[in-house]
>>> print(open('structure.cif').read())   # mmCIF, C-alpha atoms
data_work
#
loop_
_atom_site.group_PDB
_atom_site.id
_atom_site.type_symbol
_atom_site.label_atom_id
_atom_site.label_comp_id
_atom_site.auth_asym_id
_atom_site.auth_seq_id
_atom_site.Cartn_x
_atom_site.Cartn_y
_atom_site.Cartn_z
ATOM 1 C CA MET N 1 39.196 4.464 -9.833
ATOM 2 C CA ASN N 2 36.045 5.336 -11.760
ATOM 3 C CA PRO N 3 34.846 8.729 -10.361
ATOM 4 C CA ASP N 4 31.297 7.384 -10.095
ATOM 5 C CA VAL N 5 32.458 4.467 -7.943
ATOM 6 C CA TRP N 6 34.773 6.764 -5.949
ATOM 7 C CA LEU N 7 31.892 9.165 -5.179
ATOM 8 C CA PHE N 8 29.654 6.225 -4.263
ATOM 9 C CA HIS N 9 32.176 5.005 -1.683
ATOM 10 C CA ALA N 10 32.769 8.561 -0.426
ATOM 11 C CA ILE N 11 29.040 8.823 0.417
ATOM 12 C CA ASN N 12 28.338 5.224 1.464
ATOM 13 C CA HIS N 13 31.268 4.880 3.851
ATOM 14 C CA PHE N 14 29.524 7.222 6.327
ATOM 15 C CA VAL N 15 26.873 4.536 7.008
ATOM 16 C CA GLY N 16 27.110 3.429 10.623
ATOM 17 C CA THR N 17 28.971 6.502 11.888
ATOM 18 C CA VAL N 18 25.970 8.620 12.988
ATOM 19 C CA PRO N 19 22.870 6.548 13.932
ATOM 20 C CA LEU N 20 20.537 9.555 13.482
ATOM 21 C CA ILE N 21 21.639 10.018 9.854
ATOM 22 C CA ASP N 22 21.164 6.288 9.214
ATOM 23 C CA TRP N 23 17.672 6.497 10.698
ATOM 24 C CA LEU N 24 16.829 9.544 8.540
ATOM 25 C CA ALA N 25 18.204 7.835 5.423
ATOM 26 C CA ARG N 26 16.065 4.754 6.111
ATOM 27 C CA ALA N 27 13.019 6.988 6.599
ATOM 28 C CA ILE N 28 13.611 8.642 3.220
ATOM 29 C CA VAL N 29 15.046 5.802 1.115
ATOM 30 C CA ASN N 30 12.068 3.410 1.262
ATOM 31 C CA ASP N 31 9.590 2.989 -1.613
ATOM 32 C CA TYR N 32 6.683 4.668 0.182
ATOM 33 C CA ALA N 33 7.499 7.928 1.989
ATOM 34 C CA VAL N 34 8.822 10.301 -0.692
ATOM 35 C CA PRO N 35 6.793 9.017 -3.681
ATOM 36 C CA THR N 36 3.580 9.217 -1.631
ATOM 37 C CA ALA N 37 4.443 12.686 -0.301
ATOM 38 C CA MET N 38 5.052 13.854 -3.874
ATOM 39 C CA ALA N 39 1.794 12.320 -5.067
ATOM 40 C CA LEU N 40 0.003 14.177 -2.248
ATOM 41 C CA VAL N 41 1.536 17.428 -3.522
ATOM 42 C CA ALA N 42 0.087 16.555 -6.943
ATOM 43 C CA VAL N 43 -3.337 16.082 -5.294
ATOM 44 C CA ALA N 44 -2.934 19.506 -3.665
ATOM 45 C CA LEU N 45 -2.078 21.045 -7.056
ATOM 46 C CA TRP N 46 -5.118 19.364 -8.626
ATOM 47 C CA PHE N 47 -7.465 21.316 -6.320
ATOM 48 C CA ALA N 48 -5.359 24.469 -5.801
ATOM 49 C CA GLY N 49 -5.709 27.787 -7.580
ATOM 50 C CA ALA N 50 -7.285 31.145 -6.865
ATOM 51 C CA THR N 51 -8.567 31.714 -10.413
ATOM 52 C CA PRO N 52 -10.010 29.335 -13.045
ATOM 53 C CA GLU N 53 -6.900 29.903 -15.227
ATOM 54 C CA GLU N 54 -4.555 29.037 -12.376
ATOM 55 C CA ARG N 55 -6.553 25.905 -11.555
ATOM 56 C CA THR N 56 -6.494 24.795 -15.193
ATOM 57 C CA ARG N 57 -2.719 25.297 -15.338
ATOM 58 C CA HIS N 58 -2.236 23.258 -12.147
ATOM 59 C CA GLN N 59 -4.512 20.493 -13.378
ATOM 60 C CA ARG N 60 -2.726 20.367 -16.734
ATOM 61 C CA ALA N 61 0.548 19.949 -14.822
ATOM 62 C CA VAL N 62 -0.881 16.936 -12.960
ATOM 63 C CA VAL N 63 -2.071 15.306 -16.205
ATOM 64 C CA PHE N 64 1.337 16.003 -17.782
ATOM 65 C CA ILE N 65 3.034 14.331 -14.801
ATOM 66 C CA ALA N 66 0.886 11.218 -15.304
ATOM 67 C CA LEU N 67 1.696 11.153 -19.039
ATOM 68 C CA ALA N 68 5.420 11.722 -18.471
ATOM 69 C CA LEU N 69 5.503 8.906 -15.877
ATOM 70 C CA LEU N 70 3.806 6.584 -18.347
ATOM 71 C CA PHE N 71 6.347 7.390 -21.079
ATOM 72 C CA CYS N 72 9.295 7.179 -18.656
ATOM 73 C CA ASN N 73 8.276 3.734 -17.478
ATOM 74 C CA ALA N 74 7.842 2.521 -21.060
ATOM 75 C CA LEU N 75 11.291 3.907 -21.946
ATOM 76 C CA ILE N 76 12.985 2.349 -18.908
ATOM 77 C CA LYS N 77 11.308 -1.006 -19.537
ATOM 78 C CA ASP N 78 12.670 -0.967 -23.094
ATOM 79 C CA MET N 79 16.111 0.125 -21.861
ATOM 80 C CA SER N 80 16.215 -2.767 -19.408
ATOM 81 C CA TYR N 81 16.120 -5.226 -22.345
ATOM 82 C CA VAL N 82 19.295 -3.783 -23.887
ATOM 83 C CA TYR N 83 21.279 -2.569 -20.864
ATOM 84 C CA PHE N 84 21.634 -3.948 -17.352
ATOM 85 C CA ARG N 85 23.930 -2.368 -14.776
ATOM 86 C CA PRO N 86 24.593 -4.423 -11.641
ATOM 87 C CA ARG N 87 23.790 -2.791 -8.304
ATOM 88 C CA PRO N 88 26.690 -1.509 -6.172
ATOM 89 C CA PHE N 89 26.177 -4.280 -3.595
ATOM 90 C CA ALA N 90 26.654 -6.864 -6.362
ATOM 91 C CA THR N 91 30.129 -5.678 -7.331
ATOM 92 C CA GLU N 92 31.505 -3.574 -4.449
ATOM 93 C CA THR N 93 31.922 -3.851 -0.703
ATOM 94 C CA VAL N 94 28.917 -1.866 0.498
ATOM 95 C CA LYS N 95 27.306 -0.927 3.809
ATOM 96 C CA LEU N 96 23.699 -1.666 2.873
ATOM 97 C CA LEU N 97 20.752 0.044 4.612
ATOM 98 C CA PHE N 98 18.036 -1.318 2.343
ATOM 99 C CA TYR N 99 16.891 -4.564 0.720
ATOM 100 C CA ARG N 100 18.592 -5.791 -2.478
ATOM 101 C CA PRO N 101 16.528 -4.672 -5.492
ATOM 102 C CA SER N 102 16.889 -6.945 -8.536
ATOM 103 C CA VAL N 103 16.252 -4.491 -11.397
ATOM 104 C CA SER N 104 19.018 -2.624 -13.240
ATOM 105 C CA SER N 105 20.847 -0.001 -11.219
ATOM 106 C CA PHE N 106 20.791 2.489 -14.131
ATOM 107 C CA PRO N 107 18.649 4.531 -14.331
ATOM 108 C CA SER N 108 17.133 4.865 -10.878
ATOM 109 C CA ILE N 109 13.367 4.420 -11.344
ATOM 110 C CA PRO N 110 12.359 5.979 -7.965
ATOM 111 C CA ILE N 111 14.431 9.085 -8.736
ATOM 112 C CA GLU N 112 12.986 9.291 -12.243
ATOM 113 C CA VAL N 113 9.495 9.281 -10.674
ATOM 114 C CA ALA N 114 10.498 11.884 -8.064
ATOM 115 C CA PHE N 115 11.947 14.288 -10.634
ATOM 116 C CA CYS N 116 8.970 13.850 -12.927
ATOM 117 C CA PHE N 117 6.797 15.060 -10.019
ATOM 118 C CA ALA N 118 9.281 17.835 -9.208
ATOM 119 C CA ALA N 119 9.340 19.106 -12.806
ATOM 120 C CA GLY N 120 5.541 19.078 -12.867
ATOM 121 C CA ALA N 121 5.339 21.003 -9.625
ATOM 122 C CA TRP N 122 7.885 23.527 -10.954
ATOM 123 C CA TYR N 123 5.748 23.989 -14.091
ATOM 124 C CA ALA N 124 2.683 24.690 -11.933
ATOM 125 C CA ASN N 125 4.249 26.707 -9.115
ATOM 126 C CA GLN N 126 7.953 27.521 -8.770
ATOM 127 C CA ARG N 127 7.890 27.704 -4.966
ATOM 128 C CA VAL N 128 6.371 24.239 -4.683
ATOM 129 C CA GLY N 129 8.749 23.091 -7.432
ATOM 130 C CA LYS N 130 11.822 24.177 -5.444
ATOM 131 C CA PHE N 131 10.589 22.219 -2.410
ATOM 132 C CA MET N 132 10.013 19.153 -4.595
ATOM 133 C CA VAL N 133 13.471 19.396 -6.195
ATOM 134 C CA LEU N 134 14.994 19.547 -2.712
ATOM 135 C CA LEU N 135 12.964 16.514 -1.634
ATOM 136 C CA GLY N 136 13.983 14.680 -4.819
ATOM 137 C CA ALA N 137 17.649 15.521 -4.227
ATOM 138 C CA LEU N 138 17.426 14.207 -0.642
ATOM 139 C CA TYR N 139 15.774 11.040 -1.947
ATOM 140 C CA ALA N 140 18.564 10.621 -4.537
ATOM 141 C CA LEU N 141 21.272 11.171 -1.932
ATOM 142 C CA SER N 142 19.649 8.651 0.419
ATOM 143 C CA ARG N 143 19.553 6.006 -2.342
ATOM 144 C CA VAL N 144 23.315 6.378 -2.838
ATOM 145 C CA TYR N 145 23.976 6.598 0.918
ATOM 146 C CA ALA N 146 21.942 3.410 1.510
ATOM 147 C CA GLY N 147 24.039 1.525 -1.052
ATOM 148 C CA VAL N 148 21.418 0.755 -3.714
ATOM 149 C CA HIS N 149 22.542 3.149 -6.479
ATOM 150 C CA TYR N 150 25.660 4.750 -7.923
ATOM 151 C CA PRO N 151 25.541 8.567 -8.215
ATOM 152 C CA SER N 152 25.273 8.324 -12.028
ATOM 153 C CA ASP N 153 22.156 6.137 -11.651
ATOM 154 C CA VAL N 154 20.286 8.807 -9.703
ATOM 155 C CA ILE N 155 21.538 11.615 -11.977
ATOM 156 C CA GLY N 156 20.378 9.592 -14.994
ATOM 157 C CA GLY N 157 16.991 8.951 -13.364
ATOM 158 C CA ALA N 158 16.560 12.653 -12.550
ATOM 159 C CA LEU N 159 17.441 13.699 -16.110
ATOM 160 C CA ILE N 160 15.095 11.149 -17.664
ATOM 161 C CA GLY N 161 12.204 12.110 -15.330
ATOM 162 C CA ALA N 162 12.569 15.873 -15.724
ATOM 163 C CA GLY N 163 13.459 15.552 -19.424
ATOM 164 C CA MET N 164 10.370 13.484 -20.200
ATOM 165 C CA PHE N 165 8.172 16.053 -18.452
ATOM 166 C CA TYR N 166 9.850 18.819 -20.498
ATOM 167 C CA LEU N 167 9.189 16.830 -23.686
ATOM 168 C CA VAL N 168 5.492 16.475 -22.811
ATOM 169 C CA VAL N 169 5.267 20.245 -22.185
ATOM 170 C CA ARG N 170 7.082 21.029 -25.456
ATOM 171 C CA LEU N 171 4.634 18.815 -27.357
ATOM 172 C CA ASP N 172 1.757 20.939 -26.045
ATOM 173 C CA PHE N 173 -0.087 20.889 -29.369
ATOM 174 C CA VAL N 174 -0.655 17.168 -28.744
ATOM 175 C CA PHE N 175 -0.954 16.987 -24.980
ATOM 176 C CA VAL N 176 -2.839 20.185 -24.035
ATOM 177 C CA PRO N 177 -6.027 19.105 -25.876
ATOM 178 C CA LEU N 178 -5.682 15.654 -24.291
ATOM 179 C CA ALA N 179 -5.152 17.140 -20.823
ATOM 180 C CA ASP N 180 -8.109 19.493 -21.266
ATOM 181 C CA ARG N 181 -10.304 16.551 -22.238
ATOM 182 C CA VAL N 182 -9.240 14.632 -19.109
ATOM 183 C CA ILE N 183 -9.822 17.720 -16.926
ATOM 184 C CA GLY N 184 -13.243 18.284 -18.533
ATOM 185 C CA ILE N 185 -14.315 14.710 -17.782
ATOM 186 C CA ALA N 186 -12.989 14.995 -14.203
ATOM 187 C CA ARG N 187 -14.892 18.250 -13.661
ATOM 188 C CA ARG N 188 -18.131 16.791 -15.018
ATOM 189 C CA CYS N 189 -17.719 13.835 -12.636
ATOM 190 C CA GLN N 190 -17.030 16.230 -9.706
ATOM 191 C CA PHE N 191 -13.457 14.966 -9.362
ATOM 192 C CA ALA N 192 -11.832 18.363 -9.931
ATOM 193 C CA MET W 1 -6.658 -6.974 -18.266
ATOM 194 C CA PHE W 2 -4.296 -4.524 -16.539
ATOM 195 C CA LEU W 3 -5.242 -5.871 -13.112
ATOM 196 C CA ASP W 4 -3.593 -9.185 -14.051
ATOM 197 C CA LEU W 5 -0.251 -7.343 -14.154
ATOM 198 C CA LEU W 6 -0.579 -6.192 -10.540
ATOM 199 C CA HIS W 7 0.601 -8.344 -7.643
ATOM 200 C CA PHE W 8 -0.621 -7.295 -4.210
ATOM 201 C CA GLY W 9 1.040 -10.146 -2.313
ATOM 202 C CA SER W 10 -0.806 -11.148 0.857
ATOM 203 C CA GLY W 11 -3.023 -8.074 0.556
ATOM 204 C CA ALA W 12 -2.360 -6.805 4.076
ATOM 205 C CA GLN W 13 0.254 -4.307 2.947
ATOM 206 C CA ALA W 14 -1.989 -3.200 0.088
ATOM 207 C CA VAL W 15 -4.799 -2.488 2.562
ATOM 208 C CA HIS W 16 -2.381 -0.587 4.822
ATOM 209 C CA TYR W 17 -1.087 1.474 1.900
ATOM 210 C CA PHE W 18 -4.625 2.196 0.655
ATOM 211 C CA LEU W 19 -5.659 3.492 4.100
ATOM 212 C CA PHE W 20 -2.436 5.521 4.361
ATOM 213 C CA CYS W 21 -3.190 7.176 0.997
ATOM 214 C CA LEU W 22 -6.849 7.712 1.872
ATOM 215 C CA GLY W 23 -5.965 9.541 5.110
ATOM 216 C CA GLY W 24 -3.265 11.564 3.378
ATOM 217 C CA ILE W 25 -5.502 12.552 0.469
ATOM 218 C CA LEU W 26 -8.419 13.551 2.740
ATOM 219 C CA GLY W 27 -6.037 15.719 4.787
ATOM 220 C CA THR W 28 -4.416 17.258 1.722
ATOM 221 C CA ILE W 29 -7.743 18.164 0.131
ATOM 222 C CA GLN W 30 -8.879 19.793 3.391
ATOM 223 C CA GLY W 31 -5.704 21.890 3.578
ATOM 224 C CA VAL W 32 -6.182 23.149 0.017
ATOM 225 C CA ALA W 33 -9.927 23.629 0.501
ATOM 226 C CA VAL W 34 -9.400 25.835 3.563
ATOM 227 C CA HIS W 35 -6.588 27.815 1.914
ATOM 228 C CA TYR W 36 -8.582 28.552 -1.239
ATOM 229 C CA GLU W 37 -11.954 28.804 0.575
ATOM 230 C CA ARG W 38 -13.496 26.012 -1.485
ATOM 231 C CA GLY W 39 -16.982 25.781 -0.011
ATOM 232 C CA ASP W 40 -17.676 22.637 -2.053
ATOM 233 C CA LEU W 41 -14.808 20.766 -0.356
ATOM 234 C CA VAL W 42 -14.220 22.270 3.079
ATOM 235 C CA TRP W 43 -15.323 20.544 6.293
ATOM 236 C CA PHE W 44 -13.999 22.969 8.925
ATOM 237 C CA ASP W 45 -13.425 26.680 8.411
ATOM 238 C CA GLY W 46 -10.216 28.521 9.285
ATOM 239 C CA ARG W 47 -7.729 27.192 11.772
ATOM 240 C CA GLY W 48 -9.754 24.049 12.503
ATOM 241 C CA GLY W 49 -9.425 23.020 8.871
ATOM 242 C CA TYR W 50 -5.653 23.475 8.858
ATOM 243 C CA VAL W 51 -5.312 21.533 12.127
ATOM 244 C CA PHE W 52 -7.416 18.680 10.769
ATOM 245 C CA SER W 53 -5.380 18.661 7.536
ATOM 246 C CA LEU W 54 -2.069 18.519 9.381
ATOM 247 C CA LEU W 55 -3.272 15.802 11.758
ATOM 248 C CA ALA W 56 -4.678 13.678 8.934
ATOM 249 C CA VAL W 57 -1.540 13.850 6.771
ATOM 250 C CA ALA W 58 0.997 13.496 9.584
ATOM 251 C CA GLY W 59 -1.129 10.858 11.343
ATOM 252 C CA SER W 60 -1.371 8.774 8.148
ATOM 253 C CA PHE W 61 2.414 8.788 7.708
ATOM 254 C CA VAL W 62 3.101 7.965 11.358
ATOM 255 C CA TRP W 63 0.440 5.232 11.460
ATOM 256 C CA PHE W 64 1.707 3.578 8.256
ATOM 257 C CA PHE W 65 5.375 3.599 9.216
ATOM 258 C CA LEU W 66 4.704 2.403 12.759
ATOM 259 C CA THR W 67 2.286 -0.385 11.870
ATOM 260 C CA ASP W 68 3.607 -1.801 8.587
ATOM 261 C CA GLN W 69 6.455 -4.249 9.205
ATOM 262 C CA ASP W 70 7.243 -4.864 5.509
ATOM 263 C CA ILE W 71 8.586 -1.460 4.522
ATOM 264 C CA PHE W 72 12.184 -2.615 4.203
ATOM 265 C CA VAL W 73 11.515 -5.835 2.297
ATOM 266 C CA PRO W 74 10.509 -6.106 -1.377
ATOM 267 C CA GLY W 75 6.770 -5.468 -1.477
ATOM 268 C CA LEU W 76 4.413 -3.387 -3.575
ATOM 269 C CA ALA W 77 5.993 -2.113 -6.792
ATOM 270 C CA GLY W 78 5.332 1.095 -8.729
ATOM 271 C CA GLY W 79 2.274 -0.168 -10.612
ATOM 272 C CA GLU W 80 0.588 -1.415 -7.449
ATOM 273 C CA LEU W 81 1.377 1.813 -5.580
ATOM 274 C CA PHE W 82 -0.066 3.866 -8.454
ATOM 275 C CA ALA W 83 -3.225 1.730 -8.583
ATOM 276 C CA LEU W 84 -3.778 1.954 -4.813
ATOM 277 C CA PHE W 85 -3.138 5.706 -4.706
ATOM 278 C CA THR W 86 -5.582 6.258 -7.584
ATOM 279 C CA ALA W 87 -8.195 4.061 -5.879
ATOM 280 C CA ALA W 88 -7.770 6.058 -2.659
ATOM 281 C CA PHE W 89 -8.230 9.305 -4.626
ATOM 282 C CA VAL W 90 -11.401 7.969 -6.272
ATOM 283 C CA VAL W 91 -12.798 7.098 -2.821
ATOM 284 C CA ALA W 92 -11.565 10.271 -1.076
ATOM 285 C CA VAL W 93 -13.160 12.845 -3.402
ATOM 286 C CA PRO W 94 -16.791 11.674 -2.999
ATOM 287 C CA ILE W 95 -16.255 11.349 0.786
ATOM 288 C CA THR W 96 -14.946 14.923 0.829
ATOM 289 C CA ARG W 97 -17.850 16.273 -1.205
ATOM 290 C CA VAL W 98 -20.556 14.481 0.793
ATOM 291 C CA LEU W 99 -19.112 15.574 4.155
ATOM 292 C CA ALA W 100 -18.555 19.128 2.857
ATOM 293 C CA PHE W 101 -22.210 19.261 1.785
ATOM 294 C CA GLY W 102 -23.275 18.085 5.247
ATOM 295 C CA ALA W 103 -20.938 20.550 6.966
ATOM 296 C CA ALA W 104 -22.284 23.415 4.841
ATOM 297 C CA ARG W 105 -25.855 22.493 5.843
ATOM 298 C CA VAL W 106 -24.887 22.426 9.526
ATOM 299 C CA ARG W 107 -23.121 25.797 9.238
ATOM 300 C CA ALA W 108 -26.121 27.316 7.460
ATOM 301 C CA THR W 109 -28.477 26.030 10.161
ATOM 302 C CA VAL W 110 -26.293 27.324 12.986
ATOM 303 C CA ALA W 111 -25.703 30.696 11.317
ATOM 304 C CA ALA W 112 -29.347 31.295 10.305
ATOM 305 C CA PRO W 113 -30.916 34.188 12.281
ATOM 306 C CA LYS W 114 -33.511 33.076 14.772
ATOM 307 C CA ARG W 115 -37.061 33.918 13.742
ATOM 308 C CA PRO W 116 -38.699 36.412 16.088
ATOM 309 C CA ALA W 117 -41.343 34.779 18.229
ATOM 310 C CA ARG W 118 -44.779 35.213 16.784
ATOM 311 C CA GLU W 119 -46.962 37.487 18.818
ATOM 312 C CA LYS W 120 -49.949 35.873 20.356
ATOM 313 C CA GLU W 121 -53.154 36.322 18.460
ATOM 314 C CA PRO W 122 -55.429 38.667 20.343
ATOM 315 C CA LEU W 123 -58.383 36.949 21.933
ATOM 316 C CA LEU W 124 -61.616 38.016 20.406
#
>>> encode(input="structure.cif", output="structure tokens")
Amino acid sequence: MNPDVWLFHAINHFVGTVPLIDWLARAIVNDYAVPTAMALVAVALWFAGATPEERTRHQRAVVFIALALLFCNALIKDMSYVYFRPRPFATETVKLLFYRPSVSSFPSIPIEVAFCFAAGAWYANQRVGKFMVLLGALYALSRVYAGVHYPSDVIGGALIGAGMFYLVVRLDFVFVPLADRVIGIARRCQFA
Amino acid sequence: MFLDLLHFGSGAQAVHYFLFCLGGILGTIQGVAVHYERGDLVWFDGRGGYVFSLLAVAGSFVWFFLTDQDIFVPGLAGGELFALFTAAFVVAVPITRVLAFGAARVRATVAAPKRPAREKEPLL
């Protein structure tokens, strides 16, 4: 058996054994809880910082997250035209805890978003970044547990999200002036 | 142009999500404002600020997940969530600044030393 499918079944077959874990998975797996919590961390970073330099670094991280998310979504939209992977519930016997999404299983878009936020938080503050990576990993695990993704889908999503953020940071000669312009406008409008 | 790409369905869930984000953002800003002593953002000093922050963020999550029945059916997608979160941020920051300004005025009034009573003018 394909190791990806084997690992999927190894995780998903626990559904229904411990009601508390099912409840926790449903609380995490939905489209609202983790992405919103991560966006709130980005809001906190936007205003946080003891010195002007620290605040600028945090605010650049938030702008970089927004840019990386934009590029990730463009990339995934293009990928969806050339590659479509059916969801596990379409091809396997699955214990499903969630609704049946219709978009391609690979890569996982929610996990790509989560790891884009996590990479941004890591860039701004390693302690916050570790918390966000843990939250992202829990989110990824819950997506597999709930039967909506294979493990390779969430790993692919995490790599694309974090990788795109890294690319934006590496291209700092392009994106730092852009970020500083956005931050300058936000500060003039009292939004930062 | 971009708004045509967004589909908010019946609108009820969009309103719920907007309010959820608004409460969460107001609470988050207060937590950061108290921690970094941002006088231009803070409403309550010290422990009161942290308590308000925690209640606002946790209360928003609890309220949203207890009241919204459509969490486990296909609903708002990424673009709509991003638009609503951004709209909530744009509303939350001016609210924070206006209330922080008011709170600072109240604190200044309360903390101002009382003027000594003027002595009576002597009768001529």
>>> resolve_selection(input="structure.cif", expression="the PyMOL selection byres ((chain W) within 8 of (chain N))", output="PDB file with C-alpha atoms, keeping the file's coordinate frame")
ATOM      1  CA  CYS W  21      -3.190   7.176   0.997  1.00  0.00           C
ATOM      2  CA  GLY W  24      -3.265  11.564   3.378  1.00  0.00           C
ATOM      3  CA  ILE W  25      -5.502  12.552   0.469  1.00  0.00           C
ATOM      4  CA  THR W  28      -4.416  17.258   1.722  1.00  0.00           C
ATOM      5  CA  ILE W  29      -7.743  18.164   0.131  1.00  0.00           C
ATOM      6  CA  VAL W  32      -6.182  23.149   0.017  1.00  0.00           C
ATOM      7  CA  ALA W  33      -9.927  23.629   0.501  1.00  0.00           C
ATOM      8  CA  TYR W  36      -8.582  28.552  -1.239  1.00  0.00           C
ATOM      9  CA  PHE W  61       2.414   8.788   7.708  1.00  0.00           C
ATOM     10  CA  ILE W  71       8.586  -1.460   4.522  1.00  0.00           C
ATOM     11  CA  PHE W  72      12.184  -2.615   4.203  1.00  0.00           C
ATOM     12  CA  VAL W  73      11.515  -5.835   2.297  1.00  0.00           C
ATOM     13  CA  PRO W  74      10.509  -6.106  -1.377  1.00  0.00           C
ATOM     14  CA  VAL W  90     -11.401   7.969  -6.272  1.00  0.00           C
ATOM     15  CA  VAL W  93     -13.160  12.845  -3.402  1.00  0.00           C
ATOM     16  CA  PRO W  94     -16.791  11.674  -2.999  1.00  0.00           C
TER      17      PRO W  94
END
>>> residues_around(input="structure.cif", residues="Val182 in chain N", least_positions_apart="3", cutoff="12 Å", atoms="only C-alpha atoms", output="list of chain:residue names")
N:Thr56, N:Gln59, N:Arg60, N:Ala61, N:Val62, N:Val63, N:Phe64, N:Ala66, N:Leu67, N:Phe175, N:Val176, N:Pro177, N:Leu178, N:Ala179, N:Ile185, N:Ala186, N:Arg187, N:Arg188, N:Cys189, N:Phe191, N:Ala192
>>> residues_near_point(input="structure.cif", point="(-13.7, 26.3, 9.8)", cutoff="12 Å", atoms="all atoms listed in the file", output="ChimeraX atom specification")
/W:30-31,33-35,37-39,41-53,100,103-104,106-107
>>> resolve_selection(input="structure.cif", expression="the PyMOL selection byres ((chain N and resi 148) around 7)", output="ChimeraX atom specification")
/N:87-89,143-144,146-147,149
>>> resolve_selection(input="structure.cif", expression="the PyMOL selection byres ((chain W and resi 84) around 8)", output="PyMOL selection string")
chain W and resi 14+17-18+21+80-83+85-88
>>> atom_distance(input="structure.cif", atom1="CA of Phe117 in chain N", atom2="CA of Glu53 in chain N")
20.9 Å
>>> atom_distance(input="structure.cif", atom1="CA of Asp4 in chain N", atom2="CA of Gly157 in chain N")
14.8 Å
>>> residues_around(input="structure.cif", residues="Ser152 in chain N", least_positions_apart="5", cutoff="12 Å", atoms="only C-alpha atoms", output="VMD selection string")
chain N and resid 2 to 8 85 87 to 88 105 to 108 111 140 to 141 143 to 144 157 to 160
>>> atom_distance(input="structure.cif", atom1="CA of Gly102 in chain W", atom2="CA of Leu26 in chain W")
15.7 Å
>>> residues_around(input="structure.cif", residues="Asp70 in chain W", least_positions_apart="6", cutoff="10 Å", atoms="all atoms listed in the file", output="ChimeraX atom specification")
/W:12-13,76
>>> build_atoms(input="structure.cif", residues="range 25-29 of chain W", atoms="all heavy atoms", output="compact mmCIF listing (two decimals), keeping the file's coordinate frame")
# COMPACT_ATOMS: atom_id res chain seq x y z
N ILE W 25 -4.77 11.79 1.50
CA ILE W 25 -5.50 12.55 0.47
C ILE W 25 -6.62 13.39 1.12
O ILE W 25 -6.80 14.57 0.77
CB ILE W 25 -6.07 11.60 -0.62
CG1 ILE W 25 -4.92 10.99 -1.42
CG2 ILE W 25 -7.01 12.35 -1.55
CD1 ILE W 25 -5.34 9.85 -2.34
N LEU W 26 -7.35 12.79 2.07
CA LEU W 26 -8.42 13.55 2.74
C LEU W 26 -7.83 14.78 3.43
O LEU W 26 -8.38 15.88 3.35
CB LEU W 26 -9.15 12.66 3.76
CG LEU W 26 -10.06 11.57 3.17
CD1 LEU W 26 -10.57 10.66 4.27
CD2 LEU W 26 -11.22 12.16 2.39
N GLY W 27 -6.69 14.60 4.10
CA GLY W 27 -6.04 15.72 4.79
C GLY W 27 -5.54 16.76 3.81
O GLY W 27 -5.71 17.97 4.03
N THR W 28 -4.95 16.32 2.72
CA THR W 28 -4.42 17.26 1.72
C THR W 28 -5.53 18.09 1.11
O THR W 28 -5.41 19.32 0.97
CB THR W 28 -3.68 16.47 0.61
OG1 THR W 28 -2.65 15.71 1.22
CG2 THR W 28 -3.08 17.40 -0.42
N ILE W 29 -6.62 17.43 0.74
CA ILE W 29 -7.74 18.16 0.13
C ILE W 29 -8.28 19.20 1.11
O ILE W 29 -8.59 20.34 0.72
CB ILE W 29 -8.85 17.20 -0.33
CG1 ILE W 29 -8.35 16.29 -1.46
CG2 ILE W 29 -10.08 17.98 -0.80
CD1 ILE W 29 -9.34 15.23 -1.90
